[in-house]
>>> print(open('target_25.cif').read())   # mmCIF, C-alpha atoms
data_structure
loop_
_atom_site.label_atom_id
_atom_site.label_comp_id
_atom_site.auth_asym_id
_atom_site.auth_seq_id
_atom_site.Cartn_x
_atom_site.Cartn_y
_atom_site.Cartn_z
CA MET A 1 -52.55 25.81 -179.67
CA LYS A 2 -55.89 27.58 -179.39
CA PHE A 3 -58.34 27.50 -182.29
CA PHE A 4 -60.23 30.71 -183.04
CA ILE A 5 -62.64 31.09 -185.94
CA ASP A 6 -62.36 34.25 -188.04
CA THR A 7 -65.92 35.12 -189.01
CA ALA A 8 -69.08 36.95 -188.05
CA ASN A 9 -71.29 34.14 -189.35
CA LEU A 10 -73.25 32.71 -186.43
CA GLY A 11 -73.89 29.44 -188.26
CA ASP A 12 -70.18 28.81 -188.78
CA ILE A 13 -69.45 29.77 -185.18
CA LYS A 14 -72.09 27.34 -183.89
CA GLU A 15 -70.74 24.56 -186.10
CA ALA A 16 -67.17 25.14 -184.92
CA GLN A 17 -68.36 25.25 -181.31
CA SER A 18 -70.20 21.95 -181.76
CA LEU A 19 -66.90 20.26 -182.68
CA GLY A 20 -65.70 20.88 -179.14
CA VAL A 21 -62.38 22.41 -180.20
CA LEU A 22 -63.21 26.12 -180.48
CA ASP A 23 -61.43 28.51 -178.11
CA GLY A 24 -62.61 31.89 -179.38
CA VAL A 25 -63.67 34.16 -182.24
CA THR A 26 -62.09 37.02 -184.16
CA THR A 27 -64.05 39.47 -186.26
CA ASN A 28 -63.50 42.74 -188.09
CA PRO A 29 -65.62 45.37 -189.87
CA SER A 30 -65.23 43.58 -193.22
CA LEU A 31 -66.53 40.30 -191.80
CA MET A 32 -69.46 42.10 -190.19
CA ALA A 33 -70.32 43.79 -193.48
CA LYS A 34 -70.10 40.44 -195.28
CA GLU A 35 -72.91 39.17 -193.05
CA GLY A 36 -74.96 42.32 -193.62
CA ILE A 37 -74.41 43.55 -190.06
CA THR A 38 -74.33 47.34 -190.19
CA GLY A 39 -75.10 50.13 -187.75
CA LYS A 40 -73.61 50.47 -184.27
CA ASP A 41 -76.51 48.92 -182.34
CA ASN A 42 -76.72 45.90 -184.65
CA ILE A 43 -72.97 45.34 -184.47
CA LEU A 44 -72.91 45.50 -180.67
CA LYS A 45 -75.85 43.07 -180.48
CA HIS A 46 -74.03 40.73 -182.85
CA TYR A 47 -70.98 40.69 -180.59
CA LEU A 48 -73.25 39.68 -177.70
CA ASP A 49 -74.80 36.93 -179.83
CA ILE A 50 -71.31 35.58 -180.52
CA CYS A 51 -70.36 35.71 -176.82
CA ASN A 52 -73.47 33.70 -176.00
CA ILE A 53 -72.35 30.91 -178.37
CA VAL A 54 -68.69 30.49 -177.39
CA ASP A 55 -66.90 30.24 -174.05
CA GLY A 56 -63.64 31.96 -174.99
CA ASP A 57 -62.37 35.37 -176.06
CA VAL A 58 -64.18 37.35 -178.76
CA SER A 59 -62.15 40.06 -180.50
CA ALA A 60 -64.19 43.16 -181.30
CA GLU A 61 -62.49 45.80 -183.43
CA VAL A 62 -62.57 49.57 -182.95
CA ASN A 63 -63.18 51.75 -186.00
CA ALA A 64 -61.49 54.90 -184.73
CA THR A 65 -57.92 55.72 -185.75
CA ASP A 66 -57.19 58.32 -183.05
CA PHE A 67 -56.31 57.58 -179.42
CA GLU A 68 -59.36 59.23 -177.85
CA GLY A 69 -61.71 57.54 -180.28
CA MET A 70 -60.13 54.13 -179.69
CA VAL A 71 -60.42 54.54 -175.93
CA LYS A 72 -64.08 55.54 -176.16
CA GLU A 73 -65.02 52.71 -178.51
CA GLY A 74 -62.85 50.17 -176.70
CA GLU A 75 -64.33 50.91 -173.30
CA GLU A 76 -67.82 50.55 -174.74
CA LEU A 77 -66.93 47.23 -176.33
CA ALA A 78 -65.24 45.91 -173.18
CA ALA A 79 -68.31 46.80 -171.14
CA LEU A 80 -70.49 44.61 -173.36
CA HIS A 81 -69.29 41.26 -172.03
CA PRO A 82 -66.32 39.81 -170.06
CA GLN A 83 -65.27 37.76 -173.11
CA ILE A 84 -64.72 40.80 -175.31
CA VAL A 85 -61.15 41.57 -176.36
CA VAL A 86 -60.60 45.07 -177.78
CA LYS A 87 -59.01 44.81 -181.21
CA LEU A 88 -56.70 47.71 -182.11
CA PRO A 89 -54.78 48.52 -185.30
CA MET A 90 -50.97 48.53 -185.29
CA ILE A 91 -50.54 52.28 -185.57
CA GLU A 92 -49.10 54.78 -183.10
CA ALA A 93 -52.49 55.58 -181.57
CA GLY A 94 -53.24 51.86 -181.40
CA VAL A 95 -50.08 51.17 -179.40
CA LYS A 96 -50.94 54.00 -177.00
CA ALA A 97 -54.48 52.67 -176.62
CA CYS A 98 -53.11 49.17 -176.04
CA LYS A 99 -51.02 50.45 -173.13
CA TYR A 100 -54.02 52.33 -171.75
CA PHE A 101 -56.25 49.25 -171.81
CA SER A 102 -53.56 46.90 -170.48
CA GLN A 103 -53.12 49.16 -167.44
CA LYS A 104 -56.86 48.89 -166.81
CA GLY A 105 -56.90 45.10 -167.10
CA ILE A 106 -58.81 45.12 -170.40
CA LYS A 107 -57.72 42.47 -172.91
CA THR A 108 -56.41 43.66 -176.28
CA ASN A 109 -55.61 42.23 -179.69
CA VAL A 110 -53.24 44.31 -181.81
CA THR A 111 -54.03 43.54 -185.43
CA LEU A 112 -52.57 44.16 -188.91
CA VAL A 113 -49.07 43.20 -187.77
CA PHE A 114 -46.60 42.49 -190.56
CA SER A 115 -43.16 42.77 -188.91
CA VAL A 116 -41.25 41.63 -185.85
CA GLY A 117 -40.75 45.26 -184.84
CA GLN A 118 -44.48 45.85 -184.77
CA ALA A 119 -45.00 42.69 -182.72
CA LEU A 120 -42.33 43.82 -180.28
CA LEU A 121 -44.05 47.18 -179.78
CA ALA A 122 -47.39 45.46 -179.16
CA ALA A 123 -45.86 43.18 -176.53
CA LYS A 124 -44.10 46.12 -174.83
CA ALA A 125 -47.48 47.88 -174.66
CA GLY A 126 -48.98 44.87 -172.88
CA ALA A 127 -51.11 43.40 -175.66
CA THR A 128 -52.94 40.20 -174.76
CA TYR A 129 -52.72 39.03 -178.37
CA VAL A 130 -50.74 40.13 -181.39
CA SER A 131 -52.14 39.24 -184.82
CA PRO A 132 -49.53 38.80 -187.58
CA PHE A 133 -51.27 38.29 -190.94
CA LEU A 134 -49.38 35.37 -192.45
CA GLY A 135 -51.75 34.73 -195.36
CA ARG A 136 -51.56 38.31 -196.62
CA LEU A 137 -47.76 38.11 -196.54
CA ASP A 138 -47.87 34.85 -198.51
CA ASP A 139 -50.07 36.65 -201.05
CA ILE A 140 -47.21 39.02 -201.88
CA SER A 141 -44.54 36.30 -202.02
CA THR A 142 -43.26 37.00 -198.51
CA ASP A 143 -42.70 34.25 -195.93
CA GLY A 144 -45.63 34.68 -193.54
CA MET A 145 -44.71 31.59 -191.54
CA GLY A 146 -41.19 32.94 -191.14
CA LEU A 147 -42.62 36.01 -189.44
CA ILE A 148 -44.48 33.84 -186.92
CA SER A 149 -41.26 31.98 -186.16
CA GLU A 150 -39.28 35.21 -185.67
CA ILE A 151 -41.91 36.67 -183.33
CA ARG A 152 -41.87 33.43 -181.32
CA GLU A 153 -38.09 33.70 -180.93
CA VAL A 154 -38.24 37.32 -179.76
CA TYR A 155 -41.07 36.71 -177.31
CA ASP A 156 -39.29 33.68 -175.87
CA ASN A 157 -36.05 35.65 -175.54
CA TYR A 158 -37.67 38.12 -173.17
CA GLY A 159 -40.53 36.20 -171.62
CA PHE A 160 -43.31 38.31 -173.10
CA GLU A 161 -46.74 37.00 -172.13
CA THR A 162 -48.40 38.38 -175.28
CA GLN A 163 -49.91 35.49 -177.23
CA ILE A 164 -49.13 35.09 -180.93
CA LEU A 165 -52.46 34.90 -182.74
CA SER A 166 -51.66 33.80 -186.28
CA ALA A 167 -54.25 35.51 -188.47
CA SER A 168 -55.18 35.41 -192.14
CA VAL A 169 -54.93 31.62 -192.00
CA ARG A 170 -56.14 30.25 -195.33
CA HIS A 171 -55.86 26.45 -195.20
CA THR A 172 -55.01 23.41 -193.10
CA MET A 173 -51.24 23.50 -193.68
CA HIS A 174 -51.18 27.02 -192.29
CA VAL A 175 -52.78 25.57 -189.15
CA VAL A 176 -50.37 22.65 -188.92
CA ASN A 177 -47.29 24.78 -189.53
CA CYS A 178 -48.42 27.35 -186.96
CA ALA A 179 -48.67 24.54 -184.42
CA LYS A 180 -45.18 23.30 -185.32
CA ILE A 181 -43.65 26.76 -184.93
CA GLY A 182 -45.31 27.43 -181.59
CA SER A 183 -48.03 29.95 -182.38
CA ASP A 184 -50.26 30.31 -179.32
CA VAL A 185 -53.43 30.75 -181.36
CA MET A 186 -54.55 30.46 -184.95
CA THR A 187 -57.63 32.10 -186.40
CA GLY A 188 -59.11 31.11 -189.72
CA PRO A 189 -62.27 30.10 -191.53
CA LEU A 190 -64.30 27.03 -190.59
CA SER A 191 -62.82 25.20 -193.58
CA SER A 192 -59.30 25.47 -192.16
CA ILE A 193 -60.44 23.74 -188.96
CA LYS A 194 -62.65 21.07 -190.51
CA GLY A 195 -60.01 20.38 -193.14
CA LEU A 196 -57.85 18.83 -190.41
CA LEU A 197 -60.38 15.99 -190.22
CA LYS A 198 -59.67 14.83 -193.75
CA HIS A 199 -57.31 12.05 -194.78
CA PRO A 200 -57.89 9.55 -197.59
CA LEU A 201 -56.60 6.63 -195.52
CA THR A 202 -59.17 7.40 -192.83
CA ASP A 203 -61.94 7.29 -195.46
CA ILE A 204 -60.60 4.07 -196.98
CA GLY A 205 -60.19 2.42 -193.59
CA LEU A 206 -63.67 3.38 -192.43
CA ALA A 207 -65.23 2.15 -195.68
CA GLN A 208 -63.44 -1.20 -195.22
CA PHE A 209 -64.59 -1.51 -191.60
CA ILE A 210 -68.21 -0.84 -192.62
CA ALA A 211 -68.01 -3.28 -195.53
CA ASP A 212 -66.56 -6.04 -193.32
CA TYR A 213 -69.21 -5.41 -190.68
CA LYS A 214 -72.00 -5.74 -193.24
CA LYS A 215 -70.56 -9.04 -194.46
CA GLY A 216 -70.93 -10.51 -190.99
CA ASN A 217 -74.53 -9.35 -190.49
#
>>> encode(input="target_25.cif", output="structure tokens")
Amino acid sequence: MKFFIDTANLGDIKEAQSLGVLDGVTTNPSLMAKEGITGKDNILKHYLDICNIVDGDVSAEVNATDFEGMVKEGEELAALHPQIVVKLPMIEAGVKACKYFSQKGIKTNVTLVFSVGQALLAAKAGATYVSPFLGRLDDISTDGMGLISEIREVYDNYGFETQILSASVRHTMHVVNCAKIGSDVMTGPLSSIKGLLKHPLTDIGLAQFIADYKKGN
């Protein structure tokens, strides 16, 4: 399973990259705003800064909600860097734009997916990635992980090449369960990745090793 980090914070991206396990980055307008990145030129420059840190795909989201606007923004984003993946919302115009970009060989990430039907449409339109938001479903007492499992079943039934990018990951068990189910990618905060390092028995064992070493020196 690929590990993406869901942030626009360059420090977090650099730290995740330094672990040697990072495969890509996802961002959105809210994450950009959180880092104080506003204005078209600043946002485009920030995407380039991210691409210069990581080796894998970087999802850059359009702001338009109409087909023509999505195409215009998406083509501009795709022209920025070969690593850019155009991120499109799961609406009618987004599906149309996804098909347009897929026919031109431009990678896409269809986001804000909350049902198997939506995921099926994205795959039919040739999406590179589909982003079901499991954490947001959990927030409203709906089984987010169940959605990932159902999408996996449908994609496997028909051999769709669209990758399941489990989004809105909140914690380490989301990561582990996504891996068990067969999600192709997970994207979450740095804490969800670094949290996988932690286990009390590892800490206890290491402390014992160090203590025993000091006794002999």
>>> residues_around(input="target_25.cif", residues="segment 192-196 of chain A", least_positions_apart="3", cutoff="12 Å", atoms="all atoms listed in the file", output="PyMOL selection string")
chain A and resi 2-6+12-13+15-23+167-176+186-189+199-200+202
>>> residues_around(input="target_25.cif", residues="segment 57-67 of chain A", least_positions_apart="2", cutoff="6 Å", atoms="all atoms listed in the file", output="list in words")
Gly24, Val25, Thr26, Asn28, Gly69, Met70, Glu73, Gln83, Ile84, Val85, Val86, Lys87, Ala93 and Ala97 of chain A
>>> atom_distance(input="target_25.cif", atom1="atom CA of Asn177 of chain A", atom2="atom CA of Gly135 of chain A")
12.4 Å
>>> closest_residue(input="target_25.cif", among="A:Met145, A:Leu121, A:Val113, A:Leu190", to="Phe133 of chain A", atoms="all atoms listed in the file")
A:Val113
>>> resolve_selection(input="target_25.cif", expression="the PyMOL selection byres ((chain A and resi 44) around 12)", output="JSON, numbers by chain")
{"A": [8, 29, 32, 37, 38, 39, 40, 41, 42, 43, 45, 46, 47, 48, 49, 50, 51, 60, 61, 62, 73, 74, 76, 77, 78, 79, 80, 81, 84]}
>>> closest_residue(input="target_25.cif", among="A:Ile106, A:Ala33, A:Ile164, A:Ala179", to="Ala122 of chain A", atoms="only C-alpha atoms")
A:Ile164
>>> closest_residue(input="target_25.cif", among="A:Val154, A:Leu197, A:Lys214, A:Lys107", to="Pro82 of chain A", atoms="all atoms listed in the file")
A:Lys107
>>> resolve_selection(input="target_25.cif", expression="the PyMOL selection byres ((chain A and resi 155) around 12)", output="JSON, numbers by chain")
{"A": [116, 117, 119, 120, 121, 122, 123, 124, 129, 130, 148, 149, 150, 151, 152, 153, 154, 156, 157, 158, 159, 160, 161, 162, 163, 164, 182, 183, 184]}
>>> resolve_selection(input="target_25.cif", expression="the PyMOL selection byres ((chain A and resi 99) around 9)", output="ChimeraX atom specification")
/A:94-98,100-104,122,124-127
>>> write_last_selection(input="target_25.cif", atoms="C-alpha atoms", output="mmCIF file, in the frame of the given file")
data_model
loop_
_atom_site.group_PDB
_atom_site.id
_atom_site.type_symbol
_atom_site.label_atom_id
_atom_site.label_comp_id
_atom_site.auth_asym_id
_atom_site.auth_seq_id
_atom_site.Cartn_x
_atom_site.Cartn_y
_atom_site.Cartn_z
ATOM 1 C CA GLY A 94 -53.240 51.860 -181.400
ATOM 2 C CA VAL A 95 -50.080 51.170 -179.400
ATOM 3 C CA LYS A 96 -50.940 54.000 -177.000
ATOM 4 C CA ALA A 97 -54.480 52.670 -176.620
ATOM 5 C CA CYS A 98 -53.110 49.170 -176.040
ATOM 6 C CA TYR A 100 -54.020 52.330 -171.750
ATOM 7 C CA PHE A 101 -56.250 49.250 -171.810
ATOM 8 C CA SER A 102 -53.560 46.900 -170.480
ATOM 9 C CA GLN A 103 -53.120 49.160 -167.440
ATOM 10 C CA LYS A 104 -56.860 48.890 -166.810
ATOM 11 C CA ALA A 122 -47.390 45.460 -179.160
ATOM 12 C CA LYS A 124 -44.100 46.120 -174.830
ATOM 13 C CA ALA A 125 -47.480 47.880 -174.660
ATOM 14 C CA GLY A 126 -48.980 44.870 -172.880
ATOM 15 C CA ALA A 127 -51.110 43.400 -175.660
#
>>> atom_distance(input="target_25.cif", atom1="atom CA of Lys34 of chain A", atom2="atom CA of Leu88 of chain A")
20.1 Å
>>> atom_distance(input="target_25.cif", atom1="atom CA of Val54 of chain A", atom2="atom CA of Lys14 of chain A")
8.0 Å
>>> closest_residue(input="target_25.cif", among="A:Leu147, A:Leu201, A:Ile53, A:Met90", to="Val110 of chain A", atoms="all atoms listed in the file")
A:Met90
>>> closest_residue(input="target_25.cif", among="A:Asn217, A:Ser166, A:Thr142, A:Asn9", to="Leu112 of chain A", atoms="all atoms listed in the file")
A:Ser166
>>> residues_around(input="target_25.cif", residues="Gly144 of chain A", least_positions_apart="4", cutoff="6 Å", atoms="all atoms listed in the file", output="list in words")
Leu134, Leu137 and Asp138 of chain A
>>> decode(input="target_25.cif", residues="segment 110-127 of chain A", atoms="N, CA, C and O atoms", output="PDB file, in the first residue's frame")
ATOM      1  N   VAL A 110     -10.346  11.657  -8.247  1.00  0.00           N
ATOM      2  CA  VAL A 110     -11.730  12.076  -8.003  1.00  0.00           C
ATOM      3  C   VAL A 110     -11.995  12.004  -6.506  1.00  0.00           C
ATOM      4  O   VAL A 110     -11.893  10.935  -5.887  1.00  0.00           O
ATOM      5  N   THR A 111     -12.316  13.162  -5.928  1.00  0.00           N
ATOM      6  CA  THR A 111     -12.386  13.284  -4.472  1.00  0.00           C
ATOM      7  C   THR A 111     -13.819  13.485  -3.978  1.00  0.00           C
ATOM      8  O   THR A 111     -14.750  13.641  -4.771  1.00  0.00           O
ATOM      9  N   LEU A 112     -13.973  13.453  -2.649  1.00  0.00           N
ATOM     10  CA  LEU A 112     -15.285  13.580  -2.006  1.00  0.00           C
ATOM     11  C   LEU A 112     -16.221  12.460  -2.441  1.00  0.00           C
ATOM     12  O   LEU A 112     -17.380  12.687  -2.760  1.00  0.00           O
ATOM     13  N   VAL A 113     -15.696  11.239  -2.407  1.00  0.00           N
ATOM     14  CA  VAL A 113     -16.473  10.046  -2.762  1.00  0.00           C
ATOM     15  C   VAL A 113     -17.005   9.407  -1.484  1.00  0.00           C
ATOM     16  O   VAL A 113     -16.254   9.156  -0.543  1.00  0.00           O
ATOM     17  N   PHE A 114     -18.301   9.149  -1.446  1.00  0.00           N
ATOM     18  CA  PHE A 114     -18.930   8.595  -0.251  1.00  0.00           C
ATOM     19  C   PHE A 114     -19.807   7.371  -0.535  1.00  0.00           C
ATOM     20  O   PHE A 114     -20.523   6.909   0.359  1.00  0.00           O
ATOM     21  N   SER A 115     -19.788   6.865  -1.774  1.00  0.00           N
ATOM     22  CA  SER A 115     -20.599   5.689  -2.093  1.00  0.00           C
ATOM     23  C   SER A 115     -19.907   4.842  -3.156  1.00  0.00           C
ATOM     24  O   SER A 115     -19.053   5.329  -3.901  1.00  0.00           O
ATOM     25  N   VAL A 116     -20.317   3.589  -3.220  1.00  0.00           N
ATOM     26  CA  VAL A 116     -19.776   2.677  -4.237  1.00  0.00           C
ATOM     27  C   VAL A 116     -20.166   3.149  -5.629  1.00  0.00           C
ATOM     28  O   VAL A 116     -19.381   3.080  -6.571  1.00  0.00           O
ATOM     29  N   GLY A 117     -21.387   3.653  -5.760  1.00  0.00           N
ATOM     30  CA  GLY A 117     -21.845   4.146  -7.061  1.00  0.00           C
ATOM     31  C   GLY A 117     -20.968   5.270  -7.579  1.00  0.00           C
ATOM     32  O   GLY A 117     -20.618   5.307  -8.767  1.00  0.00           O
ATOM     33  N   GLN A 118     -20.608   6.188  -6.702  1.00  0.00           N
ATOM     34  CA  GLN A 118     -19.729   7.282  -7.107  1.00  0.00           C
ATOM     35  C   GLN A 118     -18.358   6.741  -7.524  1.00  0.00           C
ATOM     36  O   GLN A 118     -17.785   7.173  -8.533  1.00  0.00           O
ATOM     37  N   ALA A 119     -17.850   5.786  -6.777  1.00  0.00           N
ATOM     38  CA  ALA A 119     -16.548   5.198  -7.096  1.00  0.00           C
ATOM     39  C   ALA A 119     -16.589   4.470  -8.435  1.00  0.00           C
ATOM     40  O   ALA A 119     -15.611   4.478  -9.195  1.00  0.00           O
ATOM     41  N   LEU A 120     -17.715   3.840  -8.729  1.00  0.00           N
ATOM     42  CA  LEU A 120     -17.878   3.140  -9.998  1.00  0.00           C
ATOM     43  C   LEU A 120     -17.867   4.126 -11.164  1.00  0.00           C
ATOM     44  O   LEU A 120     -17.224   3.895 -12.194  1.00  0.00           O
ATOM     45  N   LEU A 121     -18.554   5.249 -11.011  1.00  0.00           N
ATOM     46  CA  LEU A 121     -18.558   6.272 -12.053  1.00  0.00           C
ATOM     47  C   LEU A 121     -17.148   6.811 -12.295  1.00  0.00           C
ATOM     48  O   LEU A 121     -16.740   7.005 -13.444  1.00  0.00           O
ATOM     49  N   ALA A 122     -16.411   7.054 -11.235  1.00  0.00           N
ATOM     50  CA  ALA A 122     -15.052   7.579 -11.362  1.00  0.00           C
ATOM     51  C   ALA A 122     -14.164   6.600 -12.132  1.00  0.00           C
ATOM     52  O   ALA A 122     -13.391   6.993 -13.010  1.00  0.00           O
ATOM     53  N   ALA A 123     -14.293   5.324 -11.803  1.00  0.00           N
ATOM     54  CA  ALA A 123     -13.489   4.310 -12.494  1.00  0.00           C
ATOM     55  C   ALA A 123     -13.879   4.223 -13.964  1.00  0.00           C
ATOM     56  O   ALA A 123     -13.020   4.092 -14.846  1.00  0.00           O
ATOM     57  N   LYS A 124     -15.176   4.271 -14.256  1.00  0.00           N
ATOM     58  CA  LYS A 124     -15.644   4.225 -15.642  1.00  0.00           C
ATOM     59  C   LYS A 124     -15.112   5.411 -16.445  1.00  0.00           C
ATOM     60  O   LYS A 124     -14.876   5.305 -17.644  1.00  0.00           O
ATOM     61  N   ALA A 125     -14.924   6.549 -15.757  1.00  0.00           N
ATOM     62  CA  ALA A 125     -14.426   7.750 -16.430  1.00  0.00           C
ATOM     63  C   ALA A 125     -12.905   7.757 -16.548  1.00  0.00           C
ATOM     64  O   ALA A 125     -12.334   8.691 -17.107  1.00  0.00           O
ATOM     65  N   GLY A 126     -12.263   6.713 -16.025  1.00  0.00           N
ATOM     66  CA  GLY A 126     -10.819   6.576 -16.191  1.00  0.00           C
ATOM     67  C   GLY A 126      -9.969   7.239 -15.130  1.00  0.00           C
ATOM     68  O   GLY A 126      -8.790   7.536 -15.364  1.00  0.00           O
ATOM     69  N   ALA A 127     -10.545   7.487 -13.952  1.00  0.00           N
ATOM     70  CA  ALA A 127      -9.786   8.128 -12.877  1.00  0.00           C
ATOM     71  C   ALA A 127      -8.544   7.318 -12.514  1.00  0.00           C
ATOM     72  O   ALA A 127      -8.587   6.086 -12.463  1.00  0.00           O
TER      73      ALA A 127
END
